[in-house]
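Have a look at coords_4.tsv; it's TSV, C-alpha atoms and all ligand atoms:
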```tsv
chain	number	residue	atom	x	y	z
A	1	MET	CA	6.31	15.19	-21.05
A	2	PRO	CA	4.32	15.64	-24.28
A	3	SER	CA	1.11	17.62	-24.26
A	4	ASN	CA	-2.31	16.03	-24.49
A	5	THR	CA	-2.73	16.84	-28.16
A	6	GLU	CA	0.56	15.13	-28.99
A	7	ASN	CA	-0.61	12.19	-26.94
A	8	ALA	CA	-3.66	11.67	-29.05
A	9	HIS	CA	-1.40	10.77	-31.99
A	10	ARG	CA	1.11	8.70	-30.12
A	11	ILE	CA	0.87	5.00	-29.38
A	12	THR	CA	0.88	4.47	-25.64
A	13	LYS	CA	0.57	1.47	-23.40
A	14	CYS	CA	-1.78	1.46	-20.47
A	15	GLY	CA	-2.92	-1.03	-17.86
A	16	THR	CA	-3.40	-1.89	-14.23
A	17	VAL	CA	-1.00	-3.76	-11.99
A	18	ALA	CA	-1.87	-5.11	-8.54
A	19	ILE	CA	0.82	-5.38	-5.88
A	20	ILE	CA	-0.13	-8.21	-3.57
A	21	GLY	CA	1.59	-10.15	-0.82
A	22	ARG	CA	1.57	-10.78	2.90
A	23	PRO	CA	1.86	-7.92	5.41
A	24	ASN	CA	5.20	-6.15	5.81
A	25	VAL	CA	6.92	-7.41	2.63
A	26	GLY	CA	7.23	-3.84	1.32
A	27	LYS	CA	4.27	-3.35	-1.05
A	28	SER	CA	3.63	0.26	-0.08
A	29	THR	CA	7.34	1.04	-0.12
A	30	LEU	CA	7.46	-0.36	-3.65
A	31	LEU	CA	4.48	1.70	-4.79
A	32	ASN	CA	6.09	4.87	-3.44
A	33	ALA	CA	9.40	3.94	-5.11
A	34	LEU	CA	7.71	3.25	-8.45
A	35	LEU	CA	5.99	6.63	-8.35
A	36	GLY	CA	8.94	8.50	-6.86
A	37	GLU	CA	6.52	10.01	-4.40
A	38	LYS	CA	4.98	8.97	-1.13
A	39	ILE	CA	1.31	8.19	-1.48
A	40	SER	CA	1.01	5.00	0.57
A	41	ILE	CA	1.91	4.88	4.23
A	42	VAL	CA	4.72	2.62	5.39
A	43	SER	CA	5.71	1.23	8.77
A	44	ASP	CA	7.34	-1.87	10.17
A	45	VAL	CA	4.06	-2.88	11.81
A	46	PRO	CA	2.39	-5.63	9.74
A	47	GLN	CA	-1.04	-4.74	8.31
A	48	THR	CA	-0.27	-1.06	7.90
A	49	THR	CA	-2.23	-0.67	4.66
A	50	ARG	CA	-5.97	-1.18	5.19
A	51	GLN	CA	-7.45	-0.48	1.78
A	52	GLN	CA	-6.66	-0.54	-1.91
A	53	ILE	CA	-4.62	2.48	-2.93
A	54	ARG	CA	-4.15	3.44	-6.54
A	55	GLY	CA	-0.96	5.08	-7.70
A	56	ILE	CA	-0.64	6.26	-11.27
A	57	TYR	CA	2.68	6.25	-13.14
A	58	THR	CA	2.92	8.10	-16.44
A	59	ASP	CA	5.82	8.63	-18.85
A	60	GLU	CA	6.30	8.75	-22.62
A	61	ARG	CA	5.75	5.00	-22.86
A	62	GLY	CA	2.25	5.26	-21.37
A	63	GLN	CA	0.53	4.81	-18.03
A	64	ILE	CA	0.57	2.17	-15.35
A	65	ILE	CA	-2.11	2.18	-12.67
A	66	PHE	CA	-0.73	0.43	-9.62
A	67	ILE	CA	-2.97	-0.94	-6.90
A	68	ASP	CA	-1.36	-1.31	-3.50
A	69	THR	CA	-3.31	-3.72	-1.33
A	70	PRO	CA	-3.56	-4.63	2.33
A	71	GLY	CA	-1.28	-7.55	3.11
A	72	PHE	CA	-3.04	-10.88	2.68
A	73	HIS	CA	-3.17	-12.41	6.15
A	74	VAL	CA	-4.95	-14.88	8.33
A	75	GLY	CA	-7.42	-13.02	10.58
A	76	ARG	CA	-11.02	-13.13	11.64
A	77	ASP	CA	-12.66	-9.81	12.47
A	78	SER	CA	-14.57	-7.54	10.07
A	79	LEU	CA	-11.58	-5.37	9.26
A	80	ASP	CA	-9.44	-8.45	8.55
A	81	LYS	CA	-12.12	-9.75	6.21
A	82	TYR	CA	-12.36	-6.38	4.51
A	83	MET	CA	-8.59	-6.25	4.06
A	84	ASN	CA	-8.37	-9.75	2.60
A	85	ARG	CA	-11.28	-9.03	0.27
A	86	ALA	CA	-9.54	-5.87	-0.90
A	87	SER	CA	-6.40	-7.90	-1.51
A	88	ARG	CA	-8.17	-10.71	-3.39
A	89	GLY	CA	-10.42	-8.27	-5.24
A	90	ALA	CA	-7.38	-6.53	-6.65
A	91	MET	CA	-6.27	-9.73	-8.39
A	92	GLY	CA	-9.42	-9.87	-10.49
A	93	GLY	CA	-9.71	-6.67	-12.45
A	94	VAL	CA	-6.06	-6.09	-13.34
A	95	ASP	CA	-3.78	-6.81	-16.30
A	96	LEU	CA	-0.65	-7.88	-14.42
A	97	ILE	CA	0.11	-8.98	-10.89
A	98	ILE	CA	3.20	-8.37	-8.81
A	99	HIS	CA	3.38	-10.94	-6.05
A	100	LEU	CA	5.81	-9.32	-3.66
A	101	VAL	CA	7.62	-11.55	-1.19
A	102	ASP	CA	10.45	-11.02	1.27
A	103	ALA	CA	13.39	-12.84	-0.32
A	104	ASN	CA	14.94	-13.36	3.12
A	105	ASP	CA	11.95	-14.92	4.76
A	106	ARG	CA	10.74	-18.50	4.51
A	107	ILE	CA	7.56	-19.30	2.61
A	108	GLY	CA	4.49	-19.11	4.83
A	109	GLN	CA	0.89	-20.23	4.69
A	110	GLU	CA	-0.08	-16.85	3.17
A	111	GLU	CA	2.26	-17.30	0.20
A	112	ARG	CA	1.05	-20.85	-0.41
A	113	GLN	CA	-2.54	-19.61	-0.47
A	114	VAL	CA	-1.74	-16.70	-2.77
A	115	ILE	CA	0.30	-18.82	-5.18
A	116	GLY	CA	-2.51	-21.39	-5.17
A	117	GLN	CA	-4.84	-18.66	-6.40
A	118	LEU	CA	-2.37	-17.18	-8.87
A	119	LYS	CA	-1.17	-20.30	-10.61
A	120	ASP	CA	-4.19	-20.64	-12.90
A	121	CYS	CA	-5.31	-17.02	-13.04
A	122	GLY	CA	-4.30	-16.57	-16.68
A	123	LYS	CA	-2.32	-13.37	-16.09
A	124	THR	CA	1.38	-12.63	-16.19
A	125	ILE	CA	2.78	-12.79	-12.66
A	126	ILE	CA	5.89	-10.96	-11.59
A	127	VAL	CA	7.30	-12.50	-8.45
A	128	GLY	CA	9.10	-9.59	-6.81
A	129	PHE	CA	11.80	-10.85	-4.46
A	130	ASN	CA	12.07	-7.78	-2.26
A	131	LYS	CA	14.66	-6.66	0.30
A	132	VAL	CA	17.66	-8.08	-1.60
A	133	ASP	CA	19.64	-5.23	-0.02
A	134	LEU	CA	19.58	-7.27	3.22
A	135	SER	CA	21.03	-10.45	1.68
A	136	LYS	CA	21.19	-12.26	-1.61
A	137	GLY	CA	17.72	-13.73	-1.24
A	138	LYS	CA	18.14	-17.01	0.55
A	139	TYR	CA	14.60	-18.20	-0.13
A	140	ILE	CA	14.37	-17.53	-3.87
A	141	PRO	CA	15.10	-21.21	-4.76
A	142	ASP	CA	12.28	-22.31	-2.42
A	143	TYR	CA	9.80	-20.15	-4.33
A	144	ILE	CA	10.97	-21.53	-7.65
A	145	GLN	CA	10.51	-25.05	-6.28
A	146	LEU	CA	7.01	-24.24	-4.98
A	147	TRP	CA	5.86	-22.87	-8.36
A	148	GLN	CA	7.31	-25.95	-10.09
A	149	ASP	CA	5.57	-28.28	-7.65
A	150	MET	CA	2.25	-26.45	-8.02
A	151	ARG	CA	2.34	-26.56	-11.79
A	152	GLY	CA	4.28	-29.77	-12.35
A	153	LYS	CA	6.81	-28.29	-14.79
A	154	PRO	CA	10.07	-26.29	-14.70
A	155	VAL	CA	9.85	-22.47	-14.38
A	156	GLY	CA	11.71	-22.28	-17.71
A	157	GLU	CA	8.48	-23.48	-19.30
A	158	MET	CA	6.38	-20.77	-17.66
A	159	PRO	CA	6.43	-17.72	-19.96
A	160	ASP	CA	3.76	-16.07	-17.75
A	161	LEU	CA	6.03	-16.12	-14.69
A	162	ILE	CA	8.76	-13.49	-14.26
A	163	LEU	CA	11.18	-13.80	-11.37
A	164	PHE	CA	12.41	-10.39	-10.35
A	165	PRO	CA	14.78	-9.50	-7.47
A	166	LEU	CA	14.61	-5.91	-6.20
A	167	SER	CA	14.92	-3.58	-3.27
A	168	ALA	CA	11.99	-1.20	-2.88
A	169	LEU	CA	13.79	0.64	-0.09
A	170	LYS	CA	17.04	1.24	-1.98
A	171	GLY	CA	15.37	1.53	-5.37
A	172	THR	CA	17.38	-1.35	-6.85
A	173	ASN	CA	15.81	-2.60	-10.11
A	174	VAL	CA	12.73	-0.42	-9.64
A	175	ASP	CA	13.18	1.41	-12.98
A	176	LYS	CA	13.87	-1.92	-14.65
A	177	LEU	CA	10.61	-3.23	-13.22
A	178	ILE	CA	8.69	-0.40	-14.88
A	179	GLY	CA	10.30	-1.42	-18.19
A	180	VAL	CA	9.26	-5.05	-17.71
A	181	LEU	CA	5.69	-3.99	-16.91
A	182	PHE	CA	5.42	-1.79	-20.01
A	183	GLU	CA	6.70	-4.71	-22.10
A	184	HIS	CA	3.80	-6.85	-20.90
A	185	LEU	CA	1.02	-4.26	-21.09
A	186	SER	CA	-1.18	-3.76	-24.13
A	187	GLU	CA	-1.56	-0.62	-26.17
A	188	GLY	CA	-4.22	1.77	-25.00
A	189	PRO	CA	-4.97	5.41	-24.30
A	190	LEU	CA	-4.08	6.98	-20.95
A	191	LEU	CA	-6.90	6.59	-18.43
A	192	TYR	CA	-5.90	9.46	-16.11
A	193	PRO	CA	-4.54	12.95	-16.78
A	194	GLN	CA	-0.75	12.90	-16.83
A	195	ASP	CA	-0.32	14.86	-13.60
A	196	VAL	CA	-2.57	12.70	-11.42
A	197	ILE	CA	-0.66	10.28	-9.19
A	198	THR	CA	-3.42	8.89	-6.97
A	199	ASP	CA	-7.19	8.63	-6.89
A	200	LEU	CA	-7.39	7.96	-3.16
A	201	PRO	CA	-10.19	10.08	-1.69
A	202	GLN	CA	-8.50	12.89	0.12
A	203	ARG	CA	-10.11	12.23	3.52
A	204	MET	CA	-8.75	8.71	3.57
A	205	ALA	CA	-5.35	9.93	2.48
A	206	MET	CA	-5.42	12.45	5.33
A	207	ALA	CA	-6.53	9.86	7.88
A	208	ASP	CA	-3.81	7.47	6.72
A	209	MET	CA	-1.11	10.12	7.06
A	210	ILE	CA	-2.15	10.77	10.65
A	211	ARG	CA	-2.40	7.05	11.38
A	212	GLU	CA	1.12	6.49	10.07
A	213	LYS	CA	2.57	8.94	12.60
A	214	PHE	CA	1.12	6.92	15.46
A	215	PHE	CA	2.23	3.64	13.91
A	216	LEU	CA	5.76	4.98	13.75
A	217	LYS	CA	5.63	5.75	17.48
A	218	MET	CA	3.92	2.64	18.80
A	219	ARG	CA	4.64	-1.03	18.96
A	220	GLU	CA	2.68	-4.23	19.36
A	221	GLU	CA	-0.91	-4.12	20.53
A	222	VAL	CA	-1.92	-0.49	20.03
A	223	PRO	CA	-1.54	-0.05	16.23
A	224	HIS	CA	-4.13	-2.61	15.24
A	225	SER	CA	-6.58	-1.09	17.70
A	226	LEU	CA	-6.01	2.39	16.36
A	227	ALA	CA	-8.02	4.11	13.67
A	228	VAL	CA	-8.32	7.68	12.49
A	229	VAL	CA	-11.57	9.29	11.39
A	230	ILE	CA	-11.54	12.71	9.76
A	231	GLU	CA	-14.57	14.48	11.22
A	232	HIS	CA	-14.31	17.91	9.75
A	233	VAL	CA	-12.38	19.63	6.97
A	234	ALA	CA	-13.00	23.30	6.21
A	235	PRO	CA	-11.02	26.40	5.37
A	236	ARG	CA	-10.41	28.63	8.37
A	237	ARG	CA	-9.28	32.24	8.48
A	238	GLY	CA	-8.39	32.59	4.85
A	239	LYS	CA	-5.79	30.14	3.68
A	240	THR	CA	-5.49	27.70	6.57
A	241	LEU	CA	-7.33	24.38	6.28
A	242	HIS	CA	-8.89	23.21	9.54
A	243	ILE	CA	-8.83	19.44	9.93
A	244	ARG	CA	-10.40	17.74	12.93
A	245	ALA	CA	-9.58	14.08	13.37
A	246	VAL	CA	-10.58	11.55	15.98
A	247	ILE	CA	-8.15	8.85	17.00
A	248	LEU	CA	-10.11	5.74	17.94
A	249	VAL	CA	-8.66	3.18	20.32
A	250	GLU	CA	-10.31	0.21	21.95
A	251	ARG	CA	-9.24	0.52	25.59
A	252	ASP	CA	-8.45	3.06	28.30
A	253	SER	CA	-4.82	1.90	28.57
A	254	GLN	CA	-4.39	2.48	24.83
A	255	LYS	CA	-5.75	6.00	25.13
A	256	GLU	CA	-3.06	6.76	27.70
A	257	ILE	CA	-0.34	5.45	25.39
A	258	VAL	CA	-1.63	7.44	22.43
A	259	ILE	CA	-1.70	10.64	24.47
A	260	GLY	CA	1.63	9.99	26.18
A	261	LYS	CA	3.16	11.65	29.25
A	262	GLY	CA	1.85	15.18	29.45
A	263	GLY	CA	0.40	14.77	25.95
A	264	ALA	CA	3.86	14.29	24.41
A	265	VAL	CA	3.00	11.47	21.97
A	266	LEU	CA	-0.12	13.18	20.71
A	267	LYS	CA	1.76	16.43	20.26
A	268	GLU	CA	4.71	14.93	18.39
A	269	ALA	CA	2.55	12.78	16.14
A	270	GLY	CA	0.28	15.75	15.51
A	271	THR	CA	3.15	17.99	14.48
A	272	ALA	CA	4.59	15.37	12.13
A	273	ALA	CA	1.16	14.70	10.65
A	274	ARG	CA	0.47	18.40	10.13
A	275	LYS	CA	3.68	18.75	8.12
A	276	ASP	CA	2.75	15.82	5.86
A	277	LEU	CA	-0.79	17.11	5.45
A	278	GLU	CA	0.51	20.54	4.46
A	279	GLU	CA	2.58	18.85	1.78
A	280	LEU	CA	-0.40	16.76	0.65
A	281	ILE	CA	-2.71	19.71	0.19
A	282	GLY	CA	-0.05	22.29	-0.63
A	283	GLY	CA	-1.09	24.81	2.02
A	284	LYS	CA	-1.25	25.60	5.72
A	285	VAL	CA	-3.10	23.19	8.01
A	286	PHE	CA	-4.54	23.59	11.50
A	287	LEU	CA	-4.83	20.06	12.86
A	288	GLU	CA	-6.99	19.21	15.84
A	289	LEU	CA	-6.75	15.70	17.28
A	290	PHE	CA	-9.05	14.01	19.76
A	291	VAL	CA	-8.68	10.56	21.28
A	292	LYS	CA	-11.77	8.47	21.84
A	293	ILE	CA	-12.35	4.97	23.18
A	294	GLN	CA	-14.59	2.94	20.94
A	295	ASN	CA	-14.79	-0.68	21.90
A	296	ASN	CA	-14.57	-3.20	19.07
A	297	TRP	CA	-14.57	-0.68	16.23
A	298	ARG	CA	-12.83	-3.31	14.10
A	299	GLN	CA	-16.09	-5.27	14.26
A	300	ASP	CA	-18.45	-2.34	13.78
A	301	GLN	CA	-19.69	-2.15	10.20
A	302	SER	CA	-21.03	1.40	10.50
A	303	ILE	CA	-17.76	2.76	11.90
A	304	LEU	CA	-15.81	0.92	9.20
A	305	GLU	CA	-18.03	2.48	6.56
A	306	GLU	CA	-17.63	5.92	8.07
A	307	MET	CA	-13.91	5.45	7.69
A	308	GLY	CA	-14.36	4.54	4.06
A	309	TYR	CA	-13.66	0.80	4.29
A	310	VAL	CA	-16.42	-0.14	1.88
A	311	VAL	CA	-15.91	-2.68	-0.88
B	1	LIG	N1	15.66	-3.58	4.01
B	1	LIG	C1	14.54	-3.34	3.33
B	1	LIG	N2	13.41	-2.98	3.99
B	1	LIG	C2	12.30	-2.76	3.25
B	1	LIG	C3	12.28	-2.86	1.82
B	1	LIG	N3	11.04	-2.58	1.40
B	1	LIG	C4	10.30	-2.29	2.51
B	1	LIG	N4	11.05	-2.40	3.62
B	1	LIG	C5	10.62	-2.16	5.02
B	1	LIG	O1	9.64	-3.13	5.37
B	1	LIG	C6	8.67	-2.57	6.26
B	1	LIG	C7	7.27	-2.76	5.70
B	1	LIG	O2	7.10	-1.97	4.54
B	1	LIG	P1	5.66	-1.61	3.95
B	1	LIG	O3	5.91	-0.99	2.63
B	1	LIG	O4	4.84	-0.88	4.95
B	1	LIG	O5	5.08	-3.09	3.76
B	1	LIG	P2	3.64	-3.54	3.22
B	1	LIG	O6	3.86	-4.80	2.45
B	1	LIG	O7	2.99	-2.41	2.51
B	1	LIG	O8	2.89	-3.89	4.57
B	1	LIG	P3	1.29	-3.90	4.87
B	1	LIG	O9	0.72	-2.61	4.41
B	1	LIG	O10	1.26	-4.04	6.36
B	1	LIG	O11	0.73	-5.10	4.16
B	1	LIG	C8	9.05	-1.09	6.43
B	1	LIG	O12	9.78	-0.96	7.62
B	1	LIG	C9	9.92	-0.82	5.22
B	1	LIG	O13	10.85	0.22	5.42
B	1	LIG	C10	13.52	-3.24	1.16
B	1	LIG	O14	13.62	-3.34	-0.07
B	1	LIG	N5	14.59	-3.46	1.97
B	2	MG	MG	1.24	-1.41	2.90
```

Go ahead and express the file in the form of structure tokens.
Ligand SMILES: Nc1nc2c(ncn2[C@@H]2O[C@H](COP(=O)(O)OP(=O)(O)OP(=O)(O)O)[C@@H](O)[C@H]2O)c(=O)[nH]1
Ligand SMILES: [Mg+2]
Amino acid sequence: MPSNTENAHRITKCGTVAIIGRPNVGKSTLLNALLGEKISIVSDVPQTTRQQIRGIYTDERGQIIFIDTPGFHVGRDSLDKYMNRASRGAMGGVDLIIHLVDANDRIGQEERQVIGQLKDCGKTIIVGFNKVDLSKGKYIPDYIQLWQDMRGKPVGEMPDLILFPLSALKGTNVDKLIGVLFEHLSEGPLLYPQDVITDLPQRMAMADMIREKFFLKMREEVPHSLAVVIEHVAPRRGKTLHIRAVILVERDSQKEIVIGKGGAVLKEAGTAARKDLEELIGGKVFLELFVKIQNNWRQDQSILEEMGYVV
């Protein structure tokens, strides 16, 4: 990696790229694969990502600022609205858009809505057909047909549309994707220092890491009712960082599940989260977790703001 002074004399490319698509198609997995590092949490529960997350890729060609977004979905409460706004908002201020879809899944209402918004947006769109490790991508022809129907011409006459099969999980075509993105970005100076890979506020990053550990342990109704609020972060006894986090759930029964028999779930998730947090901050962590019932937090603007979900 060249030094900053060398950089000043070198022509680099730089721009922002939004990764959008419905929940669970693999957007966060792709961001982590592009960066070669885990900054966005991943689980098989739809709607895992709740906010925009920026990941910054830098090499000798320049810098790409990726924006991972909450999956665009049909939902009604305040958090759903926040998530969809974050997803739509990301389309506006960026240079390129990756519309990630699951190549093995039929086109849904979400994709139709997103493509409806993308077709006249004036930006280059990369349609990422993800999960081709599972099969050859049965639904790719359907997407091509939909784009042709929406625009009334063959995809061969759409220079702003790039069809791109990949596997975020296996890393197939991920390096090639970075090459394609650089080809389509304009020249410009780097916007972030070369060693920065995310600008996510650290409290939200910490809360997300803890939340992921519970998502990985739970199924169905609990995850969407679960939130993590970091209440207190301070150094303790020299080098250890004391982090106190509250796990919010909406009902008594959910609290029991989150705690588990004899506290087993809470303990296991806490241990796994502590290890990730120690890696995130590069030091020892003392993690304290509390579980609290807070009815309808997904509707409560002040709680959402406390958690950092502010547009
Ligand atoms: N087989 C396979 N699985 C994948 C691939 N990419 C992601 N997954 C899996 O798909 C699930 C969802 O991945 P995420 O990266 O959390 O998806 P997302 O689009 O960020 O989801 P939301 O944040 O909920 O919108 C996880 O279980 C991933 O391991 C892939 O290329 N192949
Ligand atoms: Mg995600």

Shell of 10 Å around ligand MG 2 (chain B) (all atoms listed in the file), written as a ChimeraX atom specification = /A:19-31,40-53,68-71

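Across A:Glu212, A:Asp195, A:Asp59, A:Glu187, the tightest approach to ligand LIG 1 (chain B) is made by A:Glu212 when counting all atoms listed in the file.
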
Quick one, how far is CA of Pro193 in chain A from CA of Ile56 in chain A?
-> 9.5 Å

Any idea what's packed within 9 Å of Gln299 in chain A, counting only C-alpha atoms, ignoring anything in its chain fewer than 6 positions away? Could you give it as a PyMOL selection string?
-> chain A and resi 77-79

Excluding same-chain residues fewer than 6 positions from Phe129 in chain A, what lies within 12 Å of it counting all atoms listed in the file, as a PyMOL selection string?
-> chain A and resi 21+25-27+30+98-107+135-144+162-168+172-174+177

Polymer residues at most 12 Å from range 283-285 of chain A, only C-alpha atoms, same-chain spacing of 2 or more positions, as an MDAnalysis selection string = chainID A and resid 206 233:244 270:281 287:288

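When the distance limit is 10 Å and all atoms listed in the file are what count, the residues near Gln301 in chain A, minus those fewer than 4 positions from it on the same chain, are Ser78, Leu79, Trp297, Glu305, Glu306, Met307, Tyr309 and Val310 of chain A.
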
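Take CA of Lys13 in chain A and CA of Leu185 in chain A: the distance between them is 6.2 Å.
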
One residue among A:Met158, A:Met150, A:Ala33, A:Met83 is nearest to Thr124 in chain A when using all atoms listed in the file, and that residue is A:Met158

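Of the residues listed (A:Cys14, A:Val249, A:Val258, A:Leu146), A:Cys14 shows the shortest atom-to-atom separation from Tyr192 in chain A; distances use only C-alpha atoms.
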
Given 4 Å of margin on each side, can you work out the centre and size in Å (one decimal) of an axis-aligned box holding every listed atom of ligand LIG 1 (chain B), as JSON?
```
{"center_x": 8.2, "center_y": -2.4, "center_z": 3.8, "size_x": 22.9, "size_y": 13.3, "size_z": 15.7}
```
